[in-house]
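Asker: Right, I'll just put the structure down here and ask away after.
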Amino acid sequence: MSDHGMIQTGDLVTGCPLLVKSSKMNNVCHIITTGDGSHTIYVPGINDHYHSVYGAVQESEYIFIRNGFDICMADPVTIFEVGFGTGLNALLTATRSTQATRRVLYTSIEKYPLDKEIILSLNHHLYAGRDGEKIRKLIHQAEMDTMTKISNYFSIRKLSGDIITDELNSKFDLIYFDAFGPDKQPEMWSLSIFEKISGITKPGGILVTYSAKGEVKRNLRRVGFDVSVVPGPPGKRHMMRAIKI
Ligand SMILES: C[S@@+](CC[C@H](N)C(=O)[O-])C[C@H]1O[C@@H](n2cnc3c(N)ncnc32)[C@H](O)[C@@H]1O
């Protein structure tokens, strides 16, 4: 089992997987249609998905928007994401920021950027309102390592880097912790990573992640977070929300 849900492609997914060439991390990946009709990517090399097979948009919306963005009261809100991936969390946050008329400064780190043609073949923009396609394009065209204005409410800085080795020095109100599962990439969920994350989270800042694993919970507590296990999205019993003390 993956922390993103079940891992067998073909079982709970609709639509035929399309084989595409992928990034440096693995040679190939499959684009699959998840339970809510939105796409995700399956990476055979680590046997994991970028999102839940029960619904990629549904999961992202539930964990990061409803349990993160909507709960964090900072205005403007500074967000740090671990794992830019397909940019789905960024796109949904951009959409929500306009609806909520709340300014967002979004920073996201990615070590293995996906090829542009893979990202552009995903249907995520269909779930991001009237301007979804335009916003997605602007997010993906934005220059790396530079805070770029995408809309009146949303700006993004995409960092090309490695959360394990890179030094981070800003402070953030909200952390989207969206690494591959702890069973697939345990080094991303280690105490030292959470020490680093704790160091960039403002007091009272919120961290959300889909994992509710005991060891992750203990690591977060050790580095100064008050951790709550809350109901997860469809297909996942729990997720975690942690507040920096
Ligand atoms: C579950 S996916 C993220 C999904 C993404 N948030 C989205 O909305 O599509 C995990 C991401 O973490 C990235 N990653 C893996 N190791 C990393 C590292 N050491 N530093 C930064 N990113 C890493 C992967 O390449 C992948 O894009």
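Naming works like this for the structure tokens: A, B, ... for the chains as they're shown, residue 1 at the start of each chain, ligands 1 onward in shown order.
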Pull the alpha helix (DSSP H) assignments for stretch 66-188 of chain A out of DSSP run on the backbone, and list those residues as a list in words.
Answerer: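 For stretch 66-188 of chain A, the alpha helix (DSSP H) set is Leu88, Asn89, Ala90, Leu91, Leu92, Thr93, Ala94, Thr95, Arg96, Ser97, Thr98, Gln99, Lys116, Glu117, Ile118, Ile119, Leu120, Gly132, Glu133, Lys134, Ile135, Arg136, Lys137, Leu138, Ile139, His140 and Gln141 of chain A.
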Asker: Once you have the residues from the selection above, write them out as a compact mmCIF listing (two decimals), in the first residue's frame, restricted to C-alpha atoms.
Answerer:
# COMPACT_ATOMS: atom_id res chain seq x y z
CA LEU A 88 -1.49 20.69 -8.98
CA ASN A 89 -1.28 22.07 -5.42
CA ALA A 90 0.03 25.36 -6.76
CA LEU A 91 -2.76 25.59 -9.35
CA LEU A 92 -5.53 24.86 -6.84
CA THR A 93 -4.02 27.33 -4.37
CA ALA A 94 -3.89 30.02 -7.05
CA THR A 95 -7.58 29.42 -7.80
CA ARG A 96 -8.53 29.48 -4.12
CA SER A 97 -6.53 32.65 -3.45
CA THR A 98 -8.66 34.53 -5.99
CA GLN A 99 -11.91 33.15 -4.56
CA LYS A 116 6.74 20.12 -19.80
CA GLU A 117 4.90 17.86 -22.25
CA ILE A 118 3.92 15.54 -19.41
CA ILE A 119 2.56 18.38 -17.29
CA LEU A 120 0.67 19.90 -20.20
CA GLY A 132 -7.49 27.41 -15.03
CA GLU A 133 -5.71 26.93 -18.32
CA LYS A 134 -4.22 30.42 -18.33
CA ILE A 135 -3.07 30.22 -14.71
CA ARG A 136 -1.52 26.81 -15.24
CA LYS A 137 0.40 28.06 -18.25
CA LEU A 138 1.69 31.08 -16.34
CA ILE A 139 2.76 28.91 -13.39
CA HIS A 140 4.70 26.54 -15.64
CA GLN A 141 6.24 29.35 -17.68
Asker: Hey, could you make a per-residue contact list for chain A against ligand 1 with 7 Å as the cut-off, showing the nearest pair of atoms and its distance in Å to one decimal, counting only C-alpha atoms and all ligand atoms, sorted by chain and number, as a Markdown table?
Answerer:
| residue | atom | partner | partner_atom_place_in_ligand_line | distance |
| --- | --- | --- | --- | --- |
| A:His49 | CA | ligand 1 | 1 (C) | 6.7 |
| A:Tyr50 | CA | ligand 1 | 1 (C) | 4.0 |
| A:His51 | CA | ligand 1 | 1 (C) | 6.0 |
| A:Val82 | CA | ligand 1 | 22 (N) | 5.9 |
| A:Gly83 | CA | ligand 1 | 12 (O) | 3.5 |
| A:Phe84 | CA | ligand 1 | 6 (N) | 4.6 |
| A:Gly85 | CA | ligand 1 | 27 (O) | 3.2 |
| A:Thr86 | CA | ligand 1 | 9 (O) | 3.6 |
| A:Gly87 | CA | ligand 1 | 8 (O) | 4.5 |
| A:Leu88 | CA | ligand 1 | 8 (O) | 3.8 |
| A:Asn89 | CA | ligand 1 | 8 (O) | 4.2 |
| A:Ala90 | CA | ligand 1 | 8 (O) | 6.6 |
| A:Ile109 | CA | ligand 1 | 21 (C) | 5.3 |
| A:Glu110 | CA | ligand 1 | 22 (N) | 3.8 |
| A:Lys111 | CA | ligand 1 | 21 (C) | 4.2 |
| A:Tyr112 | CA | ligand 1 | 25 (O) | 4.3 |
| A:Pro113 | CA | ligand 1 | 25 (O) | 6.2 |
| A:Gly161 | CA | ligand 1 | 21 (C) | 5.9 |
| A:Asp162 | CA | ligand 1 | 20 (N) | 3.6 |
| A:Ile163 | CA | ligand 1 | 20 (N) | 4.1 |
| A:Ile164 | CA | ligand 1 | 19 (N) | 5.2 |
| A:Asp178 | CA | ligand 1 | 3 (C) | 5.1 |
| A:Ala179 | CA | ligand 1 | 10 (C) | 4.0 |
| A:Phe180 | CA | ligand 1 | 1 (C) | 4.3 |
| A:Met188 | CA | ligand 1 | 19 (N) | 6.6 |
Asker: Hey, can you spit out that residue selection with C-alpha atoms as a compact mmCIF listing (two decimals), in the first residue's frame?
Answerer:
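Saved result, part.txt, follows:
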# COMPACT_ATOMS: atom_id res chain seq x y z
CA HIS A 49 1.74 7.89 -7.51
CA TYR A 50 1.98 11.66 -7.38
CA HIS A 51 -1.55 11.76 -5.94
CA VAL A 82 7.94 20.18 -0.61
CA GLY A 83 7.65 18.61 -4.07
CA PHE A 84 6.24 20.85 -6.86
CA GLY A 85 5.61 17.76 -9.05
CA THR A 86 2.79 18.44 -11.52
CA GLY A 87 2.01 21.83 -9.97
CA LEU A 88 -1.49 20.69 -8.98
CA ASN A 89 -1.28 22.07 -5.42
CA ALA A 90 0.03 25.36 -6.76
CA ILE A 109 11.03 23.06 -4.23
CA GLU A 110 11.52 20.25 -6.76
CA LYS A 111 14.53 18.04 -7.37
CA TYR A 112 13.24 16.08 -10.38
CA PRO A 113 11.19 18.45 -12.57
CA GLY A 161 16.71 22.10 -5.60
CA ASP A 162 16.94 19.34 -3.06
CA ILE A 163 15.18 19.66 0.28
CA ILE A 164 17.72 17.26 1.79
CA ASP A 178 3.90 16.51 -0.27
CA ALA A 179 6.85 14.14 -0.72
CA PHE A 180 6.49 10.62 -2.05
CA MET A 188 12.26 12.76 2.93
Asker: Hey, which of A:Val223, A:Ile197, A:Leu191, A:Ile175 ends up closest to A:Ile63? Count only C-alpha atoms.
Answerer: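 Selected residue with least distance to A:Ile63: A:Ile175.
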Asker: Could you give me, as a list in words, the residues within 6 Å of A:Ser228, counting only C-alpha atoms and dropping anything in the same chain fewer than 2 positions from it?
Answerer: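 Those residues are Met240, Arg241 and Ala242 of chain A.
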Asker: Save out the residues we just selected, N, CA and C atoms, as a PDB file, in the first residue's frame.
Answerer:
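This went into again-v5.pdb:
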ATOM      1  N   MET A 240      -2.497  14.378   8.492  1.00  0.00           N
ATOM      2  CA  MET A 240      -1.970  15.118   9.656  1.00  0.00           C
ATOM      3  C   MET A 240      -1.955  16.612   9.437  1.00  0.00           C
ATOM      4  N   ARG A 241      -2.305  17.313  10.514  1.00  0.00           N
ATOM      5  CA  ARG A 241      -2.145  18.766  10.521  1.00  0.00           C
ATOM      6  C   ARG A 241      -1.352  19.096  11.781  1.00  0.00           C
ATOM      7  N   ALA A 242      -0.307  19.893  11.637  1.00  0.00           N
ATOM      8  CA  ALA A 242       0.565  20.185  12.771  1.00  0.00           C
ATOM      9  C   ALA A 242       0.757  21.694  12.879  1.00  0.00           C
TER      10      ALA A 242
END
Asker: My list of candidates is A:Val57, A:Arg157, A:Leu207, A:Val28. Which is closest to A:Tyr127 when distances are computed with only C-alpha atoms?
Answerer: A:Val57
Asker: Applying 12 Å and only C-alpha atoms, which residues near A:Ser198 remain after dropping the ones on its own chain fewer than 6 positions away? List them as a ChimeraX atom specification.
Answerer: /A:80,168-175,177,191-192,204-207,219-226,242-245
Asker: What does the structure give for the distance between atom CA of A:Ser155 and atom CA of A:Pro76, in Å to one decimal?
Answerer: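 Going from atom CA of A:Ser155 over to atom CA of A:Pro76 covers 10.9 Å.
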Asker: Go through A:Ala74, A:Leu159, A:Met144, A:Val104 one by one, measure the shortest atom-to-atom distance of each to A:Pro203 using only C-alpha atoms, and give the residue with the smallest value.
Answerer: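 Comparing A:Ala74, A:Leu159, A:Met144, A:Val104 against A:Pro203, the winner is A:Ala74.
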Asker: Between A:Lys196, A:Arg130, A:Arg103, A:Arg237, which has the minimum distance to A:Tyr210 (counting only C-alpha atoms)?
Answerer: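 Nearest to A:Tyr210: A:Arg237.
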Asker: Point out the residue among A:Leu105, A:Leu122, A:Ile200, A:Ile71 with the least atom-to-atom distance to A:Ile41, counting only C-alpha atoms.
Answerer: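 Using only C-alpha atoms, the shortest distance to A:Ile41 belongs to A:Leu122.
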Asker: By how many Å are atom CA of A:Lys149 and atom CA of A:Asn123 apart?
Answerer: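 According to the coordinates, atom CA of A:Lys149 and atom CA of A:Asn123 are separated by 22.9 Å.
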Asker: Report, in Å to a single decimal, how far apart atom CA of A:His39 and atom CA of A:Met147 are.
Answerer: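 So the two atoms, atom CA of A:Met147 and atom CA of A:His39, lie 27.3 Å apart.
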Asker: Based on DSSP run over this structure's backbone, return all residues of stretch 30-228 of chain A in strand (DSSP E), as a short mmCIF file (atom, residue, chain, number, x, y, z; two decimals) with C-alpha atoms, in the first residue's frame.
Answerer:
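After the write, states18.cif holds the following:
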data_model
loop_
_atom_site.label_atom_id
_atom_site.label_comp_id
_atom_site.auth_asym_id
_atom_site.auth_seq_id
_atom_site.Cartn_x
_atom_site.Cartn_y
_atom_site.Cartn_z
CA HIS A 30 2.27 6.50 -16.66
CA ILE A 31 -0.42 9.11 -16.76
CA ILE A 32 -3.55 7.59 -15.28
CA THR A 33 -7.07 8.79 -14.63
CA HIS A 39 -5.04 12.73 -13.86
CA THR A 40 -2.08 11.65 -11.81
CA ILE A 41 1.26 10.10 -12.61
CA TYR A 42 2.39 6.63 -11.63
CA VAL A 43 6.15 6.14 -11.26
CA ASP A 48 4.16 5.29 -6.18
CA HIS A 49 1.74 7.89 -7.51
CA VAL A 77 -0.01 33.93 3.41
CA THR A 78 3.45 32.57 2.67
CA ILE A 79 3.41 28.91 1.63
CA PHE A 80 6.29 26.45 1.22
CA GLU A 81 5.70 23.24 -0.70
CA VAL A 82 7.94 20.18 -0.61
CA VAL A 104 -0.36 34.14 -1.55
CA LEU A 105 3.41 34.05 -1.86
CA TYR A 106 4.08 30.43 -2.82
CA THR A 107 7.52 28.82 -2.80
CA SER A 108 7.94 25.26 -4.03
CA ILE A 109 11.03 23.06 -4.23
CA GLU A 110 11.52 20.25 -6.76
CA THR A 148 6.71 35.71 -10.25
CA LYS A 149 3.27 37.31 -10.19
CA PHE A 154 -0.97 34.61 -6.40
CA SER A 155 2.80 34.73 -6.89
CA ILE A 156 5.13 31.77 -7.14
CA ARG A 157 8.85 31.05 -6.76
CA LYS A 158 9.81 27.62 -8.06
CA LEU A 159 13.07 26.43 -6.59
CA SER A 160 15.10 23.92 -8.48
CA PHE A 172 6.50 30.50 6.14
CA ASP A 173 2.93 30.50 7.49
CA LEU A 174 1.91 27.25 5.83
CA ILE A 175 3.79 24.13 4.74
CA TYR A 176 2.46 21.70 2.16
CA PHE A 177 4.52 18.58 2.86
CA THR A 201 7.88 27.57 9.90
CA LYS A 202 6.67 30.65 11.77
CA PRO A 203 5.34 30.14 15.31
CA GLY A 204 1.64 29.33 14.88
CA GLY A 205 2.35 28.22 11.30
CA ILE A 206 0.60 25.11 9.97
CA LEU A 207 2.00 21.99 8.27
CA VAL A 208 -0.31 19.63 6.40
CA THR A 209 0.54 16.27 4.92
CA PHE A 225 4.91 20.84 16.31
CA ASP A 226 1.59 20.19 18.01
CA VAL A 227 0.27 17.35 15.84
CA SER A 228 -3.36 16.42 15.16
#
Asker: Which is closest to A:Tyr54 among A:Cys72, A:Val229, A:Gly35, A:Arg66, if we use only C-alpha atoms?
Answerer: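 Among the listed residues, A:Gly35 lies closest to A:Tyr54.
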